[in-house]
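Listing of data21.pdb; format and content: PDB, C-alpha atoms.
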```pdb
ATOM      1  CA  MET A 172      -2.233  -1.447 -52.919
ATOM      2  CA  ALA A 173       0.205  -3.720 -51.297
ATOM      3  CA  ASN A 174       3.273  -2.010 -52.618
ATOM      4  CA  THR A 175       5.914   0.129 -51.079
ATOM      5  CA  VAL A 176       6.683   3.573 -52.394
ATOM      6  CA  ILE A 177       9.489   5.861 -51.281
ATOM      7  CA  GLY A 178       8.355   9.325 -52.339
ATOM      8  CA  SER A 179      10.509  11.927 -54.022
ATOM      9  CA  SER A 180      11.239  13.967 -50.904
ATOM     10  CA  ILE A 181      11.915  10.975 -48.666
ATOM     11  CA  VAL A 182      15.356   9.808 -47.611
ATOM     12  CA  VAL A 183      15.749   6.320 -46.216
ATOM     13  CA  ASP A 184      19.019   5.535 -44.522
ATOM     14  CA  GLY A 185      19.183   1.867 -43.682
ATOM     15  CA  GLU A 186      17.792  -1.368 -44.916
ATOM     16  CA  ILE A 187      14.604  -2.088 -46.802
ATOM     17  CA  SER A 188      13.470  -5.665 -47.086
ATOM     18  CA  GLY A 189      10.209  -7.232 -48.068
ATOM     19  CA  GLU A 190       8.101  -9.388 -50.305
ATOM     20  CA  GLU A 191       6.510  -6.906 -52.636
ATOM     21  CA  LEU A 192       7.182  -4.292 -55.267
ATOM     22  CA  LEU A 193       9.348  -1.411 -54.132
ATOM     23  CA  THR A 194       9.162   1.816 -56.089
ATOM     24  CA  ILE A 195      11.733   4.479 -55.293
ATOM     25  CA  LEU A 196      11.275   8.092 -56.278
ATOM     26  CA  GLY A 197      13.402   9.533 -53.519
ATOM     27  CA  THR A 198      16.710   8.561 -51.964
ATOM     28  CA  VAL A 199      17.713   5.266 -50.396
ATOM     29  CA  LYS A 200      21.085   4.590 -48.836
ATOM     30  CA  GLY A 201      22.055   1.269 -47.362
ATOM     31  CA  LYS A 202      20.665  -2.000 -48.562
ATOM     32  CA  ILE A 203      17.613  -3.198 -50.435
ATOM     33  CA  ALA A 204      16.520  -6.807 -50.422
ATOM     34  CA  MET A 205      13.108  -7.467 -51.918
ATOM     35  CA  ALA A 206      11.499 -10.723 -52.945
ATOM     36  CA  GLY A 207       9.500  -8.773 -55.504
ATOM     37  CA  GLY A 208      10.622  -6.144 -57.942
ATOM     38  CA  VAL A 209      12.589  -2.994 -57.361
ATOM     39  CA  VAL A 210      11.942   0.066 -59.510
ATOM     40  CA  VAL A 211      14.257   3.062 -59.331
ATOM     41  CA  GLU A 212      12.293   5.814 -61.007
ATOM     42  CA  ALA A 213      13.727   8.769 -62.892
ATOM     43  CA  GLY A 214      14.942  11.340 -60.405
ATOM     44  CA  ALA A 215      15.547   8.774 -57.689
ATOM     45  CA  THR A 216      18.953   8.175 -56.134
ATOM     46  CA  VAL A 217      19.918   4.816 -54.730
ATOM     47  CA  GLU A 218      23.223   4.195 -53.034
ATOM     48  CA  ALA A 219      22.739   0.652 -51.954
ATOM     49  CA  ASP A 220      23.283  -2.952 -52.770
ATOM     50  CA  VAL A 221      20.084  -4.084 -54.389
ATOM     51  CA  GLU A 222      18.581  -7.522 -54.510
ATOM     52  CA  GLY A 223      15.299  -8.281 -56.219
ATOM     53  CA  GLN A 224      13.380 -10.477 -58.596
ATOM     54  CA  THR A 225      13.433  -7.828 -61.288
ATOM     55  CA  VAL A 226      15.315  -4.582 -60.966
ATOM     56  CA  THR A 227      14.391  -1.672 -63.216
ATOM     57  CA  VAL A 228      16.475   1.477 -63.168
ATOM     58  CA  SER A 229      15.434   4.794 -64.663
ATOM     59  CA  GLY A 230      17.243   6.970 -62.140
ATOM     60  CA  LYS A 231      20.649   6.826 -60.528
ATOM     61  CA  LEU A 232      21.898   3.684 -58.839
ATOM     62  CA  THR A 233      25.263   3.178 -57.162
ATOM     63  CA  GLY A 234      25.860  -0.280 -55.772
ATOM     64  CA  ASN A 235      25.878  -3.907 -56.652
ATOM     65  CA  VAL A 236      22.707  -5.312 -58.116
ATOM     66  CA  THR A 237      21.548  -8.890 -58.002
ATOM     67  CA  ALA A 238      18.389  -9.618 -59.922
ATOM     68  CA  ARG A 239      17.077 -13.145 -59.812
ATOM     69  CA  GLU A 240      15.216 -12.692 -63.050
ATOM     70  CA  ARG A 241      16.058  -9.536 -64.902
ATOM     71  CA  LEU A 242      17.882  -6.241 -64.681
ATOM     72  CA  GLU A 243      16.767  -3.429 -66.910
ATOM     73  CA  LEU A 244      18.596  -0.154 -67.395
ATOM     74  CA  ARG A 245      16.237   2.290 -69.026
ATOM     75  CA  PRO A 246      17.304   5.251 -71.175
ATOM     76  CA  GLU A 247      18.663   8.119 -69.056
ATOM     77  CA  SER A 248      19.523   5.752 -66.224
ATOM     78  CA  LYS A 249      22.918   5.847 -64.557
ATOM     79  CA  MET A 250      24.322   2.833 -62.839
ATOM     80  CA  VAL A 251      27.695   2.260 -61.208
ATOM     81  CA  GLY A 252      28.283  -1.151 -59.712
ATOM     82  CA  ASN A 253      28.357  -4.805 -60.512
ATOM     83  CA  ALA A 254      25.349  -6.395 -62.097
ATOM     84  CA  LYS A 255      24.380 -10.004 -61.613
ATOM     85  CA  ALA A 256      21.306 -11.305 -63.376
ATOM     86  CA  PRO A 257      20.360 -14.004 -65.881
ATOM     87  CA  ARG A 258      18.892 -11.369 -68.181
ATOM     88  CA  ILE A 259      20.166  -7.849 -68.522
ATOM     89  CA  VAL A 260      18.621  -5.199 -70.707
ATOM     90  CA  VAL A 261      20.535  -2.003 -71.330
ATOM     91  CA  ALA A 262      18.585   0.584 -73.281
ATOM     92  CA  ASP A 263      20.105   3.072 -75.650
ATOM     93  CA  GLY A 264      21.122   6.097 -73.616
ATOM     94  CA  ALA A 265      21.709   4.274 -70.369
ATOM     95  CA  THR A 266      25.020   4.827 -68.579
ATOM     96  CA  PHE A 267      26.590   1.861 -66.918
ATOM     97  CA  LYS A 268      29.917   1.130 -65.294
ATOM     98  CA  GLY A 269      30.693  -2.158 -63.624
ATOM     99  CA  ASN A 270      31.011  -5.855 -64.091
ATOM    100  CA  VAL A 271      28.319  -7.986 -65.589
ATOM    101  CA  ASP A 272      27.734 -11.512 -64.435
ATOM    102  CA  MET A 273      25.078 -13.487 -66.266
ATOM    103  CA  ASP A 274      26.115 -16.825 -64.794
ATOM    104  CA  VAL A 275      27.317 -18.111 -68.163
TER     105      VAL A 275
ATOM    106  CA  MET B 197       4.632   9.272 -60.881
ATOM    107  CA  ALA B 198       5.805  12.107 -58.720
ATOM    108  CA  ASP B 199       2.467  12.359 -56.997
ATOM    109  CA  MET B 200       2.712   8.876 -55.569
ATOM    110  CA  GLN B 201       2.295   8.737 -51.845
ATOM    111  CA  THR B 202       5.047   7.260 -49.769
ATOM    112  CA  VAL B 203       3.976   3.916 -48.370
ATOM    113  CA  ILE B 204       5.833   1.222 -46.517
ATOM    114  CA  GLY B 205       3.800  -1.771 -47.645
ATOM    115  CA  VAL B 206       2.436  -4.605 -45.561
ATOM    116  CA  GLU B 207       5.176  -7.011 -46.539
ATOM    117  CA  THR B 208       8.020  -4.539 -46.231
ATOM    118  CA  ARG B 209      10.344  -3.799 -43.397
ATOM    119  CA  VAL B 210      12.606  -0.771 -43.125
ATOM    120  CA  SER B 211      15.308  -0.681 -40.514
ATOM    121  CA  GLY B 212      17.126   2.585 -40.263
ATOM    122  CA  GLU B 213      16.146   6.154 -40.625
ATOM    123  CA  ILE B 214      13.412   7.712 -42.723
ATOM    124  CA  ARG B 215      13.459  11.462 -43.284
ATOM    125  CA  GLY B 216      11.461  13.569 -45.595
ATOM    126  CA  GLY B 217       9.114  16.331 -46.514
ATOM    127  CA  GLU B 218       5.977  14.458 -47.381
ATOM    128  CA  ASP B 219       3.316  12.259 -45.862
ATOM    129  CA  LEU B 220       4.275   8.731 -44.964
ATOM    130  CA  VAL B 221       1.979   5.786 -44.450
ATOM    131  CA  VAL B 222       3.353   2.709 -42.751
ATOM    132  CA  LYS B 223       1.431  -0.510 -43.294
ATOM    133  CA  GLY B 224       4.369  -2.818 -42.669
ATOM    134  CA  ARG B 225       7.203  -2.417 -40.270
ATOM    135  CA  VAL B 226       9.744   0.297 -39.507
ATOM    136  CA  ASP B 227      12.530   0.070 -36.951
ATOM    137  CA  GLY B 228      14.744   3.039 -36.236
ATOM    138  CA  LYS B 229      13.784   6.649 -36.596
ATOM    139  CA  ILE B 230      11.230   8.653 -38.521
ATOM    140  CA  GLN B 231      11.544  12.369 -39.091
ATOM    141  CA  LEU B 232       9.039  14.144 -41.295
ATOM    142  CA  SER B 233       7.879  17.688 -41.834
ATOM    143  CA  HIS B 234       4.485  16.239 -42.724
ATOM    144  CA  SER B 235       2.230  13.589 -41.309
ATOM    145  CA  LEU B 236       2.888   9.993 -40.374
ATOM    146  CA  THR B 237       0.144   7.387 -40.426
ATOM    147  CA  VAL B 238       0.707   4.048 -38.747
ATOM    148  CA  ASP B 239      -1.977   1.845 -40.239
ATOM    149  CA  LYS B 240      -3.780  -0.981 -38.523
ATOM    150  CA  GLY B 241      -1.501  -4.001 -38.484
ATOM    151  CA  ALA B 242       1.651  -1.933 -38.878
ATOM    152  CA  ILE B 243       4.440  -2.059 -36.329
ATOM    153  CA  VAL B 244       6.693   0.931 -35.864
ATOM    154  CA  GLN B 245       9.470   0.777 -33.356
ATOM    155  CA  ALA B 246      11.062   4.143 -33.729
ATOM    156  CA  ASP B 247      11.483   7.569 -32.308
ATOM    157  CA  VAL B 248       9.127   9.750 -34.238
ATOM    158  CA  ASP B 249       9.423  13.467 -34.958
ATOM    159  CA  VAL B 250       6.655  14.635 -37.258
ATOM    160  CA  LYS B 251       4.060  17.328 -37.733
ATOM    161  CA  SER B 252       1.035  15.177 -37.154
ATOM    162  CA  LEU B 253       0.720  11.545 -36.239
ATOM    163  CA  ILE B 254      -2.181   9.151 -36.695
ATOM    164  CA  VAL B 255      -1.879   5.729 -35.174
ATOM    165  CA  SER B 256      -4.133   2.753 -35.796
ATOM    166  CA  GLY B 257      -1.427   0.140 -35.384
ATOM    167  CA  THR B 258       1.389  -0.411 -32.948
ATOM    168  CA  LEU B 259       3.992   2.210 -32.191
ATOM    169  CA  VAL B 260       6.813   1.874 -29.703
ATOM    170  CA  GLY B 261       9.075   4.858 -29.265
ATOM    171  CA  ASN B 262       9.124   8.421 -28.206
ATOM    172  CA  ILE B 263       6.877  10.745 -30.106
ATOM    173  CA  VAL B 264       7.196  14.423 -30.880
ATOM    174  CA  ALA B 265       4.435  15.853 -33.028
ATOM    175  CA  SER B 266       4.493  19.591 -33.580
ATOM    176  CA  GLU B 267       0.818  19.702 -34.483
ATOM    177  CA  SER B 268      -1.264  16.779 -33.275
ATOM    178  CA  VAL B 269      -1.403  13.133 -32.324
ATOM    179  CA  ARG B 270      -4.450  10.961 -32.852
ATOM    180  CA  LEU B 271      -4.667   7.460 -31.458
ATOM    181  CA  HIS B 272      -7.469   5.431 -32.966
ATOM    182  CA  ALA B 273      -9.245   2.679 -31.113
ATOM    183  CA  SER B 274      -6.978  -0.028 -32.474
ATOM    184  CA  ALA B 275      -3.790   1.845 -31.580
ATOM    185  CA  ARG B 276      -1.241   0.344 -29.220
ATOM    186  CA  VAL B 277       1.375   2.878 -28.257
ATOM    187  CA  VAL B 278       4.206   2.746 -25.767
ATOM    188  CA  GLY B 279       6.453   5.756 -25.373
ATOM    189  CA  ASP B 280       6.523   9.336 -24.289
ATOM    190  CA  LEU B 281       4.444  11.726 -26.244
ATOM    191  CA  ALA B 282       4.862  15.451 -26.771
ATOM    192  CA  SER B 283       2.344  17.370 -28.818
ATOM    193  CA  PRO B 284       0.101  20.387 -28.317
ATOM    194  CA  ARG B 285      -2.975  18.403 -29.379
ATOM    195  CA  VAL B 286      -3.544  14.830 -28.356
ATOM    196  CA  MET B 287      -6.628  12.825 -29.208
ATOM    197  CA  MET B 288      -7.243   9.300 -28.004
ATOM    198  CA  GLU B 289     -10.241   7.266 -28.994
ATOM    199  CA  ALA B 290     -11.889   4.870 -26.632
ATOM    200  CA  GLY B 291     -10.079   1.565 -26.926
ATOM    201  CA  ALA B 292      -6.684   2.983 -27.673
ATOM    202  CA  ALA B 293      -3.981   1.529 -25.451
ATOM    203  CA  TYR B 294      -1.221   3.863 -24.444
ATOM    204  CA  ARG B 295       1.524   3.743 -21.910
ATOM    205  CA  GLY B 296       3.938   6.592 -21.415
ATOM    206  CA  ARG B 297       3.976  10.181 -20.537
ATOM    207  CA  VAL B 298       2.105  12.948 -22.288
ATOM    208  CA  ASP B 299       3.425  16.468 -22.511
ATOM    209  CA  MET B 300       1.304  19.080 -24.209
ATOM    210  CA  GLY B 301       3.641  21.860 -23.238
ATOM    211  CA  ASP B 302       7.082  22.633 -24.500
ATOM    212  CA  ILE B 303       7.601  20.696 -27.712
ATOM    213  CA  GLU B 304      11.103  21.975 -28.300
ATOM    214  CA  ALA B 305      12.312  20.795 -24.910
ATOM    215  CA  ALA B 306      10.782  17.398 -25.539
ATOM    216  CA  ARG B 307      12.332  17.238 -28.973
ATOM    217  CA  ALA B 308      15.745  18.038 -27.563
ATOM    218  CA  ALA B 309      15.268  15.456 -24.860
ATOM    219  CA  VAL B 310      14.367  12.773 -27.368
ATOM    220  CA  ALA B 311      17.237  13.708 -29.633
ATOM    221  CA  SER B 312      19.825  13.680 -26.891
ATOM    222  CA  ARG B 313      18.637  10.387 -25.543
ATOM    223  CA  ALA B 314      18.085   8.612 -28.815
ATOM    224  CA  VAL B 315      21.506   7.012 -28.866
ATOM    225  CA  ALA B 316      21.720   5.902 -25.280
ATOM    226  CA  ARG B 317      18.223   4.623 -24.833
ATOM    227  CA  PRO B 318      18.058   0.865 -24.425
ATOM    228  CA  VAL B 319      15.665  -0.653 -26.898
ATOM    229  CA  ALA B 320      15.890  -4.304 -26.030
ATOM    230  CA  GLY B 321      13.207  -4.297 -23.402
ATOM    231  CA  ARG B 322      10.801  -2.588 -25.694
ATOM    232  CA  ALA B 323      11.146  -5.014 -28.497
ATOM    233  CA  GLU B 324       9.311  -7.593 -26.433
ATOM    234  CA  VAL B 325       6.384  -5.312 -26.019
ATOM    235  CA  ALA B 326       6.340  -4.362 -29.665
ATOM    236  CA  ARG B 327       5.906  -7.933 -30.730
ATOM    237  CA  GLU B 328       2.920  -8.371 -28.491
ATOM    238  CA  ARG B 329      -0.169  -8.761 -30.555
ATOM    239  CA  PRO B 330      -2.963  -9.452 -30.088
ATOM    240  CA  ALA B 331      -2.974  -6.351 -28.036
ATOM    241  CA  PRO B 332      -3.490  -6.172 -24.310
ATOM    242  CA  PRO B 333      -7.000  -6.279 -22.940
ATOM    243  CA  ARG B 334      -8.642  -2.952 -23.200
ATOM    244  CA  VAL B 335      -9.792  -2.891 -19.629
ATOM    245  CA  ALA B 336      -6.206  -2.536 -18.571
ATOM    246  CA  ALA B 337      -5.615   0.527 -20.682
ATOM    247  CA  PRO B 338      -4.479   3.590 -18.787
ATOM    248  CA  PRO B 339      -7.157   5.794 -17.277
ATOM    249  CA  ARG B 340      -9.004   7.184 -20.206
ATOM    250  CA  THR B 341     -10.658  10.178 -18.636
ATOM    251  CA  ALA B 342     -14.021   8.498 -18.783
ATOM    252  CA  ALA B 343     -15.500  11.481 -17.057
ATOM    253  CA  LEU B 344     -15.309  13.562 -20.196
ATOM    254  CA  PRO B 345     -18.801  14.224 -21.459
ATOM    255  CA  ALA B 346     -18.074  14.069 -25.181
ATOM    256  CA  LYS B 347     -19.822  11.136 -26.824
ATOM    257  CA  SER B 348     -18.230  11.523 -30.204
ATOM    258  CA  ALA B 349     -15.113   9.720 -31.260
ATOM    259  CA  PRO B 350     -12.226  11.623 -29.710
ATOM    260  CA  ARG B 351     -12.842  10.933 -26.085
ATOM    261  CA  PHE B 352      -9.871  12.762 -24.875
ATOM    262  CA  VAL B 353      -9.209  16.043 -26.514
ATOM    263  CA  ALA B 354      -6.558  18.188 -25.077
ATOM    264  CA  PRO B 355      -7.354  21.675 -24.064
ATOM    265  CA  ALA B 356      -6.216  23.613 -27.058
ATOM    266  CA  ALA B 357      -2.655  24.739 -26.980
ATOM    267  CA  VAL B 358      -3.724  28.342 -27.075
ATOM    268  CA  GLY B 359      -5.535  27.943 -23.802
ATOM    269  CA  ARG B 360      -2.330  26.972 -22.127
ATOM    270  CA  PRO B 361      -0.207  29.780 -20.804
ATOM    271  CA  ALA B 362       2.922  29.351 -22.826
ATOM    272  CA  ALA B 363       5.069  30.872 -20.150
ATOM    273  CA  ALA B 364       3.879  28.509 -17.451
ATOM    274  CA  PRO B 365       6.984  27.500 -15.568
ATOM    275  CA  ALA B 366       7.621  23.812 -15.671
ATOM    276  CA  SER B 367       6.966  22.468 -12.228
ATOM    277  CA  PRO B 368       9.995  21.005 -10.492
ATOM    278  CA  ALA B 369       8.272  17.653 -10.536
ATOM    279  CA  ALA B 370       8.215  17.722 -14.331
ATOM    280  CA  PRO B 371      11.738  17.684 -15.693
ATOM    281  CA  PRO B 372      12.075  18.437 -19.389
ATOM    282  CA  ALA B 373      13.315  14.941 -20.064
ATOM    283  CA  PHE B 374      10.852  12.106 -20.117
ATOM    284  CA  PRO B 375      11.435   9.059 -18.006
ATOM    285  CA  ARG B 376      12.718   6.039 -19.796
ATOM    286  CA  VAL B 377       9.809   3.846 -20.562
ATOM    287  CA  ALA B 378      11.972   0.871 -21.317
ATOM    288  CA  GLY B 379      12.886   0.488 -17.687
ATOM    289  CA  ALA B 380       9.289   0.612 -16.686
ATOM    290  CA  VAL B 381       8.459  -2.525 -18.579
ATOM    291  CA  SER B 382      10.041  -4.691 -15.960
ATOM    292  CA  SER B 383       9.002  -2.921 -12.808
ATOM    293  CA  ALA B 384       6.244  -0.392 -13.027
ATOM    294  CA  ALA B 385       4.446  -1.827 -16.014
ATOM    295  CA  PRO B 386       0.732  -2.426 -15.865
ATOM    296  CA  ALA B 387      -0.346  -5.968 -15.252
ATOM    297  CA  TRP B 388      -1.140  -6.705 -18.882
ATOM    298  CA  ALA B 389       2.280  -5.742 -20.074
ATOM    299  CA  LYS B 390       4.024  -7.966 -17.569
ATOM    300  CA  LYS B 391       1.792 -10.882 -18.308
ATOM    301  CA  LYS B 392       2.322 -10.599 -22.034
ATOM    302  CA  VAL B 393       6.032 -10.330 -21.757
ATOM    303  CA  ARG B 394       6.252 -13.321 -19.507
ATOM    304  CA  ARG B 395       4.267 -15.502 -21.813
ATOM    305  CA  ARG B 396       6.883 -15.470 -24.559
TER     306      ARG B 396
END
```
Encoded form using structure tokens:
Amino acid sequence: MANTVIGSSIVVDGEISGEELLTILGTVKGKIAMAGGVVVEAGATVEADVEGQTVTVSGKLTGNVTARERLELRPESKMVGNAKAPRIVVADGATFKGNVDMDV
Amino acid sequence: MADMQTVIGVETRVSGEIRGGEDLVVKGRVDGKIQLSHSLTVDKGAIVQADVDVKSLIVSGTLVGNIVASESVRLHASARVVGDLASPRVMMEAGAAYRGRVDMGDIEAARAAVASRAVARPVAGRAEVARERPAPPRVAAPPRTAALPAKSAPRFVAPAAVGRPAAAPASPAAPPAFPRVAGAVSSAAPAWAKKKVRRR
């Protein structure tokens, strides 16, 4: 398993960068820059600017998101911040506040 | 998903602070500080440059920083560790390279010492050492208590904490604060450390 997981009772204060899939169940504050995907699971709290290939949010995310491929806001997710991605999926039930930039 | 174990993957780097109440396995790189009420495992190939305050610590990779482990520390054969170490139980396998000071006595004093010094401690000198891999030749590792009779893996097992009189007064020669290891890199470092640093 070459992935990174931040467990539900873990708090990371700082910067996470890397080349693989990052799954967050806990709390991350600071900055996230991954070459792979970033998954914010239900129950997770992210207060960070996020950069990733694909960004999937089921939990709570505060910060600007840049997804090179796709940003997905799942039902029950809460996001506050600007979203920049060529494809953005917002599911029914997701809460979102911020600007959207799809590079049109 | 809640039962997923916390892992910092091979290709991931965290700089900053990690706190938490569960086990953490580092396979990649962490710079900063790690504070856990559970165990920390530094896998083979991982580089951790951080002050560590955990319950138990298992090192197979490289760890640079001061260590406080309230339960135990185990250094496997592939471990490369530089930093002061405070824990009631310390196990080092043959082949483990360690430089620093071990204190199996007062954990709380050591913890306070690490905490108070964390901000001021210069890190620059240590970074050089942390990047050194392949690791130093094993022959140069600190004295490994070869006289111990045990043939099985943990060559160096501390006398259990219970056997130690808790009230033993700290000798005047052993101040509660550990010496700064960073300074030692330049002057009092073993030959292998100097050589490695110079090469870069």
_Can you pull out the residues contacting B:Arg225? Cut-off 8 Å, using all atoms listed in the file, and skip same-chain residues under 6 positions away; I want them as a ChimeraX atom specification._
/B:204,206,208-210,242-245
Selection result of the ChimeraX specification (/B :<12) & /A on this file, as a PDB file with C-alpha atoms, keeping the file's coordinate frame:
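Written out: selection28.pdb:
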```
ATOM      1  CA  MET A 172      -2.233  -1.447 -52.919  1.00  0.00           C
ATOM      2  CA  ALA A 173       0.205  -3.720 -51.297  1.00  0.00           C
ATOM      3  CA  ASN A 174       3.273  -2.010 -52.618  1.00  0.00           C
ATOM      4  CA  THR A 175       5.914   0.129 -51.079  1.00  0.00           C
ATOM      5  CA  VAL A 176       6.683   3.573 -52.394  1.00  0.00           C
ATOM      6  CA  ILE A 177       9.489   5.861 -51.281  1.00  0.00           C
ATOM      7  CA  GLY A 178       8.355   9.325 -52.339  1.00  0.00           C
ATOM      8  CA  SER A 179      10.509  11.927 -54.022  1.00  0.00           C
ATOM      9  CA  SER A 180      11.239  13.967 -50.904  1.00  0.00           C
ATOM     10  CA  ILE A 181      11.915  10.975 -48.666  1.00  0.00           C
ATOM     11  CA  VAL A 182      15.356   9.808 -47.611  1.00  0.00           C
ATOM     12  CA  VAL A 183      15.749   6.320 -46.216  1.00  0.00           C
ATOM     13  CA  ASP A 184      19.019   5.535 -44.522  1.00  0.00           C
ATOM     14  CA  GLY A 185      19.183   1.867 -43.682  1.00  0.00           C
ATOM     15  CA  GLU A 186      17.792  -1.368 -44.916  1.00  0.00           C
ATOM     16  CA  ILE A 187      14.604  -2.088 -46.802  1.00  0.00           C
ATOM     17  CA  SER A 188      13.470  -5.665 -47.086  1.00  0.00           C
ATOM     18  CA  GLY A 189      10.209  -7.232 -48.068  1.00  0.00           C
ATOM     19  CA  GLU A 190       8.101  -9.388 -50.305  1.00  0.00           C
ATOM     20  CA  GLU A 191       6.510  -6.906 -52.636  1.00  0.00           C
ATOM     21  CA  LEU A 192       7.182  -4.292 -55.267  1.00  0.00           C
ATOM     22  CA  LEU A 193       9.348  -1.411 -54.132  1.00  0.00           C
ATOM     23  CA  THR A 194       9.162   1.816 -56.089  1.00  0.00           C
ATOM     24  CA  ILE A 195      11.733   4.479 -55.293  1.00  0.00           C
ATOM     25  CA  LEU A 196      11.275   8.092 -56.278  1.00  0.00           C
ATOM     26  CA  GLY A 197      13.402   9.533 -53.519  1.00  0.00           C
ATOM     27  CA  THR A 198      16.710   8.561 -51.964  1.00  0.00           C
ATOM     28  CA  VAL A 199      17.713   5.266 -50.396  1.00  0.00           C
ATOM     29  CA  LYS A 200      21.085   4.590 -48.836  1.00  0.00           C
ATOM     30  CA  GLY A 201      22.055   1.269 -47.362  1.00  0.00           C
ATOM     31  CA  LYS A 202      20.665  -2.000 -48.562  1.00  0.00           C
ATOM     32  CA  ILE A 203      17.613  -3.198 -50.435  1.00  0.00           C
ATOM     33  CA  ALA A 204      16.520  -6.807 -50.422  1.00  0.00           C
ATOM     34  CA  MET A 205      13.108  -7.467 -51.918  1.00  0.00           C
ATOM     35  CA  ALA A 206      11.499 -10.723 -52.945  1.00  0.00           C
ATOM     36  CA  GLY A 207       9.500  -8.773 -55.504  1.00  0.00           C
ATOM     37  CA  VAL A 210      11.942   0.066 -59.510  1.00  0.00           C
ATOM     38  CA  VAL A 211      14.257   3.062 -59.331  1.00  0.00           C
ATOM     39  CA  GLU A 212      12.293   5.814 -61.007  1.00  0.00           C
ATOM     40  CA  ALA A 213      13.727   8.769 -62.892  1.00  0.00           C
ATOM     41  CA  GLY A 214      14.942  11.340 -60.405  1.00  0.00           C
ATOM     42  CA  ALA A 215      15.547   8.774 -57.689  1.00  0.00           C
TER      43      ALA A 215
END
```
Students should find that atom CA of B:Ala306 and atom CA of B:Gly257 are spaced 23.3 Å
*Evaluate the PyMOL selection byres ((chain A and resi 250) around 7) and report residues as an NGL selection string*: :A and (231-233 or 248-249 or 251-252 or 266-268)
- Run the PyMOL selection byres ((chain B and resi 258) around 9) on the file and write out the hits as a list of chain:residue names.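 Checked against the file, the PyMOL selection byres ((chain B and resi 258) around 9) matches B:Val238, B:Asp239, B:Lys240, B:Gly241, B:Ala242, B:Ile243, B:Val244, B:Gln245, B:Val255, B:Ser256, B:Gly257, B:Leu259, B:Val260, B:Ser274, B:Ala275, B:Arg276, B:Val277, B:Val278, B:Ala326, B:Arg329, B:Ala331.
Picture a line from atom CA of A:Asp272 to atom CA of A:Asn253; it runs 7.8 Å.
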Polymer residues at most 10 Å from (19.6, -2.3, -69.0) by only C-alpha atoms, as a short mmCIF file (atom, residue, chain, number, x, y, z; two decimals) with C-alpha atoms, keeping the file's coordinate frame:
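Okay, this is what ended up in part.cif:
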```cif
data_model
loop_
_atom_site.label_atom_id
_atom_site.label_comp_id
_atom_site.auth_asym_id
_atom_site.auth_seq_id
_atom_site.Cartn_x
_atom_site.Cartn_y
_atom_site.Cartn_z
CA VAL A 226 15.32 -4.58 -60.97
CA THR A 227 14.39 -1.67 -63.22
CA VAL A 228 16.48 1.48 -63.17
CA SER A 229 15.43 4.79 -64.66
CA ARG A 241 16.06 -9.54 -64.90
CA LEU A 242 17.88 -6.24 -64.68
CA GLU A 243 16.77 -3.43 -66.91
CA LEU A 244 18.60 -0.15 -67.40
CA ARG A 245 16.24 2.29 -69.03
CA PRO A 246 17.30 5.25 -71.18
CA SER A 248 19.52 5.75 -66.22
CA LYS A 249 22.92 5.85 -64.56
CA MET A 250 24.32 2.83 -62.84
CA ALA A 254 25.35 -6.40 -62.10
CA ARG A 258 18.89 -11.37 -68.18
CA ILE A 259 20.17 -7.85 -68.52
CA VAL A 260 18.62 -5.20 -70.71
CA VAL A 261 20.54 -2.00 -71.33
CA ALA A 262 18.58 0.58 -73.28
CA ASP A 263 20.10 3.07 -75.65
CA GLY A 264 21.12 6.10 -73.62
CA ALA A 265 21.71 4.27 -70.37
CA THR A 266 25.02 4.83 -68.58
CA PHE A 267 26.59 1.86 -66.92
#
```
**Study point:** Computed interatomic separation between atom CA of B:Ser235 and atom CA of A:Gly208 (Å)
**Key:**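 Calculated distance between atom CA of B:Ser235 and atom CA of A:Gly208 is 27.1 Å.
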